Amino acid sequence: MIGNQTPQLIGEDPNWLEAQEHVSRLAPLDRPCLIIGERGTGKELIGERMHFLSRRWDGPFVKVNCAALSEQLLDSELFGHERGAFTGATERRLGRFELADGGTLFLDEIATASMQVQEKLLRVVEYGEFQRLGGEKVLSTNVRVVAATNVDLPSKAASGEFRADLLDRLAFDVVTLPPLRARAADISLLADFFARRMAREMAEDFPGFAPSAIAAMEAHAWPGNVRELRNFAQRITYRALTEHQTDPVQFDPDALDPFASPWRPAASLSDAPTKVSETPAATATPPPVLDISFEDQTRLFETSLIDIALSTFEGHQGKAADALGLSYHQFRGLLKKHGYGKGAGKPRPEEKRAPIRSM
């Protein structure tokens with residue numbers, strides 16, 4: 001994102017586009033709102049989009065991660081403090097509500113805020129008034145609050161872990177983001193985008209992903225959602241490029257877990273050193289398992305065989321077909337069936353030998 005521009009959001013899946021449409025309808029209304037979604041689904045990006053599509057677009061967009069701060073520090077971060085309010089407070093400090101005046105305050109992981117902080121949030125959301133920590137003067141601010149969380153806030157409110165009145169104020173409307181597993185149509189698009197970024201950073205050509213790699217990525221559940229896919233796509237790309245591979249990048253199941261190693265420490269270590277050979281088999285990292293349908297298993301198997309054959313015979317389709325015991329027309333039919341030669345993963349001439357640039 002550069003200057004006052006909406007952040008780049010990638011995706012064409014109907015579930016994702018529906019969420020974007022929801023944001024576009026809600027953004028112009030100057031009301032607090034909630035963004036709900038699993039980790040890695042892009043809640044912060046959606047918060048930025050909400051701001052830049054609103055009438056506050058030219059005001060400040062200020063972010064606070066509520067989970068990263070203790071109760072006292074979060075109170076000070078949000079509302080500021082006066083000199084001497086606590087040990088180490090040697091001067092007055094403006095809080096984020098003051099810094100975000102006229103703009104939007106994005107509160108990430110709102111569910112982790114303490115009850116005391118929630119009480120102060122309720123007042124500032126309701127009346128636009130607050131006091132600095134250690135201060136007596138009532139201050140005013142004009143801020144739109146956009147909060148985000150990955151937990152079920154109504155359940156938290158029902159159990160007394162979150163203020164029901166604050167939830168009522170924040171939930172003027174709620175945008176719920178789909179997880180990546182519900183955006184299958186976007187997986188190859190996102191993986192291709194992240195991989196090309198990695199290749200540009202390395203000043204290398206990106207040879208694209210093998211169709212079997214795309215099939216495997218589309219079949220994986222991605223519990224970490226887009227963030228996990230980004231790390232994986234860039235990880236296998238940099239590994240392939242540092243090995244000077246020129247063939248399309250293959251799916252590497254070992255790269256799903258960067259900690260995977262035969263010498264990985266056990267989950268709990270005793271005082272005495274443990275030899276690797278004595279580590280119980282149960283503590284070893286199991287290979288990733290793809291929980292996928294028969295149709296996806298078949299597609300993975302067929303594309304893997306095609307990729308191996310084409311790689312072995314340097315792209316010669318006739319020889320690849322012979323090696324697989326297929327006629328040329330049968331082999332061509334399989335290539336067409338699995339989309340070889342089109343879609344995400346094709347090298348783009350304009351990206352040849354791109355220079356390194358900051359992201």
# chains A, B, ... in the order shown; residues from 1 in each chain; ligands from 1

$ residues_around --residues "Asp168 in chain A" --least-positions-apart "4" --cutoff "12 Å" --atoms "only C-alpha atoms" --output "PyMOL selection string"
chain A and resi 32-34+122+125-126+153-154+157+162-164+172-174

$ residues_around --residues "range 96-98 of chain A" --least-positions-apart "6" --cutoff "7 Å" --atoms "only C-alpha atoms" --output "MDAnalysis selection string"
chainID A and resid 62 77:79 141 143

$ atom_distance --atom1 "CA of Gln8 in chain A" --atom2 "CA of Glu48 in chain A"
10.1 Å

$ residues_around --residues "Phe301 in chain A" --least-positions-apart "6" --cutoff "10 Å" --atoms "only C-alpha atoms" --output "list in words"
Ser212, Ala215, Ala216 and Glu295 of chain A

$ closest_residue --among "A:Thr149, A:Ser327, A:Ser140, A:Ser188" --to "Leu229 in chain A" --atoms "only C-alpha atoms"
A:Ser188

$ select_by_dssp --residues "range 47-259 of chain A" --states "helix (DSSP H, G or I)" --output "tab-separated table (two decimals) with C-alpha atoms, in the first residue's frame"
chain	number	residue	atom	x	y	z
A	47	GLY	CA	-9.70	-3.02	7.98
A	48	GLU	CA	-7.50	-0.87	5.73
A	49	ARG	CA	-9.94	-1.27	2.86
A	50	MET	CA	-12.78	-0.25	5.16
A	51	HIS	CA	-10.89	2.94	6.00
A	52	PHE	CA	-9.85	3.91	2.48
A	66	CYS	CA	-4.55	-5.70	21.73
A	67	ALA	CA	-3.01	-9.14	22.26
A	68	ALA	CA	0.55	-7.79	22.19
A	71	GLU	CA	-3.55	-4.40	30.49
A	72	GLN	CA	-1.70	-1.29	31.72
A	73	LEU	CA	0.29	-0.89	28.52
A	74	LEU	CA	-2.82	-1.34	26.36
A	75	ASP	CA	-4.65	1.27	28.44
A	76	SER	CA	-1.75	3.68	27.97
A	77	GLU	CA	-1.39	2.82	24.28
A	78	LEU	CA	-5.06	3.49	23.55
A	79	PHE	CA	-5.82	6.44	25.79
A	96	ARG	CA	-3.96	6.09	19.75
A	97	PHE	CA	-7.45	7.57	20.06
A	98	GLU	CA	-5.90	11.03	19.94
A	99	LEU	CA	-3.56	10.11	17.09
A	110	ILE	CA	-10.18	-7.13	20.53
A	111	ALA	CA	-11.27	-10.23	22.51
A	112	THR	CA	-8.01	-10.15	24.50
A	115	MET	CA	-12.67	-5.81	31.26
A	116	GLN	CA	-11.26	-2.50	32.50
A	117	VAL	CA	-10.05	-1.56	29.03
A	118	GLN	CA	-13.35	-2.75	27.54
A	119	GLU	CA	-15.23	-0.42	29.90
A	120	LYS	CA	-13.18	2.55	28.71
A	121	LEU	CA	-13.62	1.46	25.09
A	122	LEU	CA	-17.38	1.37	25.57
A	123	ARG	CA	-17.42	5.00	26.72
A	124	VAL	CA	-15.25	6.28	23.88
A	125	VAL	CA	-17.22	4.32	21.26
A	126	GLU	CA	-20.53	5.52	22.75
A	127	TYR	CA	-19.71	9.14	23.53
A	153	LEU	CA	-17.53	-12.89	20.53
A	154	PRO	CA	-21.21	-13.68	21.23
A	155	SER	CA	-20.06	-16.83	23.05
A	156	LYS	CA	-17.48	-14.79	24.97
A	157	ALA	CA	-20.18	-12.31	25.95
A	158	ALA	CA	-22.55	-15.10	27.02
A	164	ALA	CA	-22.17	-7.57	26.03
A	165	ASP	CA	-22.83	-3.81	25.85
A	166	LEU	CA	-19.50	-3.21	24.08
A	167	LEU	CA	-20.27	-6.03	21.67
A	168	ASP	CA	-23.63	-4.40	20.90
A	169	ARG	CA	-21.91	-1.11	20.09
A	170	LEU	CA	-19.16	-2.63	17.96
A	180	LEU	CA	-8.80	-20.11	2.36
A	181	ARG	CA	-10.28	-23.63	2.19
A	182	ALA	CA	-13.56	-21.93	1.18
A	184	ALA	CA	-10.37	-22.90	-3.65
A	185	ALA	CA	-10.53	-20.83	-6.83
A	186	ASP	CA	-8.04	-18.34	-5.36
A	187	ILE	CA	-5.32	-20.72	-4.16
A	188	SER	CA	-3.36	-20.98	-7.42
A	189	LEU	CA	-3.79	-17.25	-8.05
A	190	LEU	CA	-2.42	-16.33	-4.62
A	191	ALA	CA	0.41	-18.89	-4.75
A	192	ASP	CA	1.50	-17.57	-8.14
A	193	PHE	CA	1.44	-13.97	-6.86
A	194	PHE	CA	3.55	-14.77	-3.78
A	195	ALA	CA	6.00	-16.93	-5.73
A	196	ARG	CA	6.61	-14.21	-8.31
A	197	ARG	CA	7.28	-11.76	-5.50
A	198	MET	CA	9.92	-14.14	-4.16
A	199	ALA	CA	11.50	-14.57	-7.59
A	200	ARG	CA	11.66	-10.81	-8.15
A	201	GLU	CA	13.32	-10.37	-4.77
A	211	PRO	CA	0.18	-28.54	-12.37
A	212	SER	CA	0.66	-31.29	-9.80
A	213	ALA	CA	1.90	-28.65	-7.35
A	214	ILE	CA	-1.17	-26.51	-7.98
A	215	ALA	CA	-3.42	-29.55	-7.53
A	216	ALA	CA	-1.73	-30.37	-4.22
A	217	MET	CA	-2.00	-26.80	-2.98
A	218	GLU	CA	-5.68	-26.68	-3.89
A	219	ALA	CA	-6.25	-29.92	-1.98
A	225	ASN	CA	-4.96	-19.59	5.58
A	226	VAL	CA	-3.40	-17.01	3.23
A	227	ARG	CA	-0.45	-16.32	5.52
A	228	GLU	CA	0.49	-20.00	5.57
A	229	LEU	CA	0.07	-20.31	1.79
A	230	ARG	CA	2.26	-17.24	1.25
A	231	ASN	CA	5.06	-18.65	3.38
A	232	PHE	CA	4.83	-22.06	1.73
A	233	ALA	CA	4.72	-20.76	-1.85
A	234	GLN	CA	7.69	-18.48	-1.25
A	235	ARG	CA	9.57	-21.18	0.63
A	236	ILE	CA	9.37	-23.78	-2.14
A	237	THR	CA	10.12	-21.10	-4.74
A	238	TYR	CA	13.29	-19.88	-3.07
A	239	ARG	CA	14.44	-23.46	-2.48
A	240	ALA	CA	13.93	-24.33	-6.14
A	241	LEU	CA	15.60	-21.16	-7.42
A	242	THR	CA	18.63	-21.47	-5.13
A	253	PRO	CA	5.29	-31.64	1.38
A	254	ASP	CA	8.33	-31.28	3.66
A	255	ALA	CA	8.17	-27.51	3.15
A	256	LEU	CA	4.73	-27.36	4.78

$ atom_distance --atom1 "CA of Lys63 in chain A" --atom2 "CA of Ala27 in chain A"
17.0 Å

$ select_by_dssp --residues "range 107-236 of chain A" --states "strand (DSSP E)" --output "MDAnalysis selection string"
chainID A and resid 107:108 129:130 139:140 144:149 174:176

$ residues_around --residues "Asp322 in chain A" --least-positions-apart "3" --cutoff "12 Å" --atoms "only C-alpha atoms" --output "mmCIF file with C-alpha atoms, in the first residue's frame"
data_model
loop_
_atom_site.group_PDB
_atom_site.id
_atom_site.type_symbol
_atom_site.label_atom_id
_atom_site.label_comp_id
_atom_site.auth_asym_id
_atom_site.auth_seq_id
_atom_site.Cartn_x
_atom_site.Cartn_y
_atom_site.Cartn_z
ATOM 1 C CA ILE A 306 2.761 -36.146 -16.249
ATOM 2 C CA ALA A 309 7.499 -37.734 -17.601
ATOM 3 C CA LEU A 310 7.790 -34.253 -19.101
ATOM 4 C CA PHE A 313 12.190 -36.072 -21.470
ATOM 5 C CA HIS A 316 9.032 -33.885 -25.363
ATOM 6 C CA GLN A 317 5.395 -34.954 -25.325
ATOM 7 C CA GLY A 318 5.757 -37.921 -27.646
ATOM 8 C CA LYS A 319 8.483 -39.526 -25.530
ATOM 9 C CA GLY A 325 2.235 -46.269 -22.096
ATOM 10 C CA LEU A 326 -0.184 -43.797 -23.676
ATOM 11 C CA SER A 327 -0.858 -42.774 -27.245
ATOM 12 C CA TYR A 328 0.072 -39.232 -28.188
ATOM 13 C CA HIS A 329 -3.605 -38.245 -28.396
ATOM 14 C CA GLN A 330 -4.343 -39.780 -24.984
ATOM 15 C CA PHE A 331 -1.450 -37.847 -23.492
#

$ decode --residues "range 107-136 of chain A" --atoms "N, CA and C atoms" --output "PDB file, in the first residue's frame"
ATOM      1  N   LEU A 107      -8.612  -2.055  15.886  1.00  0.00           N
ATOM      2  CA  LEU A 107      -8.264  -2.798  17.095  1.00  0.00           C
ATOM      3  C   LEU A 107      -8.245  -4.287  16.781  1.00  0.00           C
ATOM      4  N   ASP A 108      -7.053  -4.827  16.602  1.00  0.00           N
ATOM      5  CA  ASP A 108      -6.915  -6.247  16.294  1.00  0.00           C
ATOM      6  C   ASP A 108      -6.935  -7.064  17.583  1.00  0.00           C
ATOM      7  N   GLU A 109      -7.462  -8.270  17.506  1.00  0.00           N
ATOM      8  CA  GLU A 109      -7.565  -9.181  18.660  1.00  0.00           C
ATOM      9  C   GLU A 109      -8.280  -8.497  19.824  1.00  0.00           C
ATOM     10  N   ILE A 110      -9.419  -7.882  19.533  1.00  0.00           N
ATOM     11  CA  ILE A 110     -10.175  -7.130  20.532  1.00  0.00           C
ATOM     12  C   ILE A 110     -10.612  -8.018  21.698  1.00  0.00           C
ATOM     13  N   ALA A 111     -10.788  -9.320  21.459  1.00  0.00           N
ATOM     14  CA  ALA A 111     -11.270 -10.227  22.509  1.00  0.00           C
ATOM     15  C   ALA A 111     -10.283 -10.362  23.660  1.00  0.00           C
ATOM     16  N   THR A 112      -9.018  -9.999  23.456  1.00  0.00           N
ATOM     17  CA  THR A 112      -8.010 -10.150  24.504  1.00  0.00           C
ATOM     18  C   THR A 112      -7.956  -8.945  25.444  1.00  0.00           C
ATOM     19  N   ALA A 113      -8.681  -7.876  25.140  1.00  0.00           N
ATOM     20  CA  ALA A 113      -8.668  -6.683  26.003  1.00  0.00           C
ATOM     21  C   ALA A 113      -9.317  -7.000  27.346  1.00  0.00           C
ATOM     22  N   SER A 114      -8.755  -6.457  28.414  1.00  0.00           N
ATOM     23  CA  SER A 114      -9.293  -6.700  29.757  1.00  0.00           C
ATOM     24  C   SER A 114     -10.643  -6.018  29.927  1.00  0.00           C
ATOM     25  N   MET A 115     -11.376  -6.413  30.975  1.00  0.00           N
ATOM     26  CA  MET A 115     -12.670  -5.812  31.262  1.00  0.00           C
ATOM     27  C   MET A 115     -12.543  -4.315  31.546  1.00  0.00           C
ATOM     28  N   GLN A 116     -11.458  -3.917  32.215  1.00  0.00           N
ATOM     29  CA  GLN A 116     -11.263  -2.495  32.498  1.00  0.00           C
ATOM     30  C   GLN A 116     -11.075  -1.710  31.211  1.00  0.00           C
ATOM     31  N   VAL A 117     -10.263  -2.238  30.307  1.00  0.00           N
ATOM     32  CA  VAL A 117     -10.049  -1.557  29.027  1.00  0.00           C
ATOM     33  C   VAL A 117     -11.344  -1.561  28.217  1.00  0.00           C
ATOM     34  N   GLN A 118     -12.076  -2.681  28.264  1.00  0.00           N
ATOM     35  CA  GLN A 118     -13.349  -2.751  27.537  1.00  0.00           C
ATOM     36  C   GLN A 118     -14.320  -1.682  28.026  1.00  0.00           C
ATOM     37  N   GLU A 119     -14.336  -1.441  29.348  1.00  0.00           N
ATOM     38  CA  GLU A 119     -15.231  -0.424  29.904  1.00  0.00           C
ATOM     39  C   GLU A 119     -14.887   0.959  29.353  1.00  0.00           C
ATOM     40  N   LYS A 120     -13.600   1.260  29.246  1.00  0.00           N
ATOM     41  CA  LYS A 120     -13.181   2.553  28.709  1.00  0.00           C
ATOM     42  C   LYS A 120     -13.458   2.623  27.205  1.00  0.00           C
ATOM     43  N   LEU A 121     -13.298   1.494  26.523  1.00  0.00           N
ATOM     44  CA  LEU A 121     -13.621   1.458  25.092  1.00  0.00           C
ATOM     45  C   LEU A 121     -15.098   1.738  24.854  1.00  0.00           C
ATOM     46  N   LEU A 122     -15.944   1.164  25.717  1.00  0.00           N
ATOM     47  CA  LEU A 122     -17.381   1.374  25.568  1.00  0.00           C
ATOM     48  C   LEU A 122     -17.714   2.863  25.624  1.00  0.00           C
ATOM     49  N   ARG A 123     -17.123   3.575  26.570  1.00  0.00           N
ATOM     50  CA  ARG A 123     -17.424   5.000  26.715  1.00  0.00           C
ATOM     51  C   ARG A 123     -16.951   5.798  25.506  1.00  0.00           C
ATOM     52  N   VAL A 124     -15.763   5.489  25.000  1.00  0.00           N
ATOM     53  CA  VAL A 124     -15.246   6.278  23.877  1.00  0.00           C
ATOM     54  C   VAL A 124     -15.997   5.939  22.592  1.00  0.00           C
ATOM     55  N   VAL A 125     -16.436   4.685  22.440  1.00  0.00           N
ATOM     56  CA  VAL A 125     -17.224   4.325  21.258  1.00  0.00           C
ATOM     57  C   VAL A 125     -18.608   4.968  21.340  1.00  0.00           C
ATOM     58  N   GLU A 126     -19.179   4.989  22.546  1.00  0.00           N
ATOM     59  CA  GLU A 126     -20.533   5.517  22.751  1.00  0.00           C
ATOM     60  C   GLU A 126     -20.576   7.040  22.694  1.00  0.00           C
ATOM     61  N   TYR A 127     -19.642   7.691  23.378  1.00  0.00           N
ATOM     62  CA  TYR A 127     -19.712   9.144  23.533  1.00  0.00           C
ATOM     63  C   TYR A 127     -18.531   9.898  22.917  1.00  0.00           C
ATOM     64  N   GLY A 128     -17.494   9.191  22.482  1.00  0.00           N
ATOM     65  CA  GLY A 128     -16.319   9.871  21.944  1.00  0.00           C
ATOM     66  C   GLY A 128     -15.511  10.560  23.015  1.00  0.00           C
ATOM     67  N   GLU A 129     -15.621  10.096  24.279  1.00  0.00           N
ATOM     68  CA  GLU A 129     -14.916  10.727  25.393  1.00  0.00           C
ATOM     69  C   GLU A 129     -14.034   9.720  26.123  1.00  0.00           C
ATOM     70  N   PHE A 130     -12.913  10.200  26.658  1.00  0.00           N
ATOM     71  CA  PHE A 130     -11.997   9.350  27.410  1.00  0.00           C
ATOM     72  C   PHE A 130     -11.088  10.213  28.272  1.00  0.00           C
ATOM     73  N   GLN A 131     -10.349   9.555  29.144  1.00  0.00           N
ATOM     74  CA  GLN A 131      -9.344  10.225  29.973  1.00  0.00           C
ATOM     75  C   GLN A 131      -8.017   9.490  29.827  1.00  0.00           C
ATOM     76  N   ARG A 132      -6.947  10.261  29.810  1.00  0.00           N
ATOM     77  CA  ARG A 132      -5.631   9.633  29.801  1.00  0.00           C
ATOM     78  C   ARG A 132      -5.395   8.915  31.124  1.00  0.00           C
ATOM     79  N   LEU A 133      -4.570   7.890  31.084  1.00  0.00           N
ATOM     80  CA  LEU A 133      -4.205   7.183  32.306  1.00  0.00           C
ATOM     81  C   LEU A 133      -3.509   8.158  33.252  1.00  0.00           C
ATOM     82  N   GLY A 134      -4.044   8.274  34.475  1.00  0.00           N
ATOM     83  CA  GLY A 134      -3.478   9.200  35.445  1.00  0.00           C
ATOM     84  C   GLY A 134      -3.966  10.619  35.285  1.00  0.00           C
ATOM     85  N   GLY A 135      -4.908  10.864  34.374  1.00  0.00           N
ATOM     86  CA  GLY A 135      -5.407  12.211  34.143  1.00  0.00           C
ATOM     87  C   GLY A 135      -6.839  12.375  34.627  1.00  0.00           C
ATOM     88  N   GLU A 136      -7.265  13.620  34.777  1.00  0.00           N
ATOM     89  CA  GLU A 136      -8.623  13.925  35.217  1.00  0.00           C
ATOM     90  C   GLU A 136      -9.437  14.617  34.132  1.00  0.00           C
TER      91      GLU A 136
END
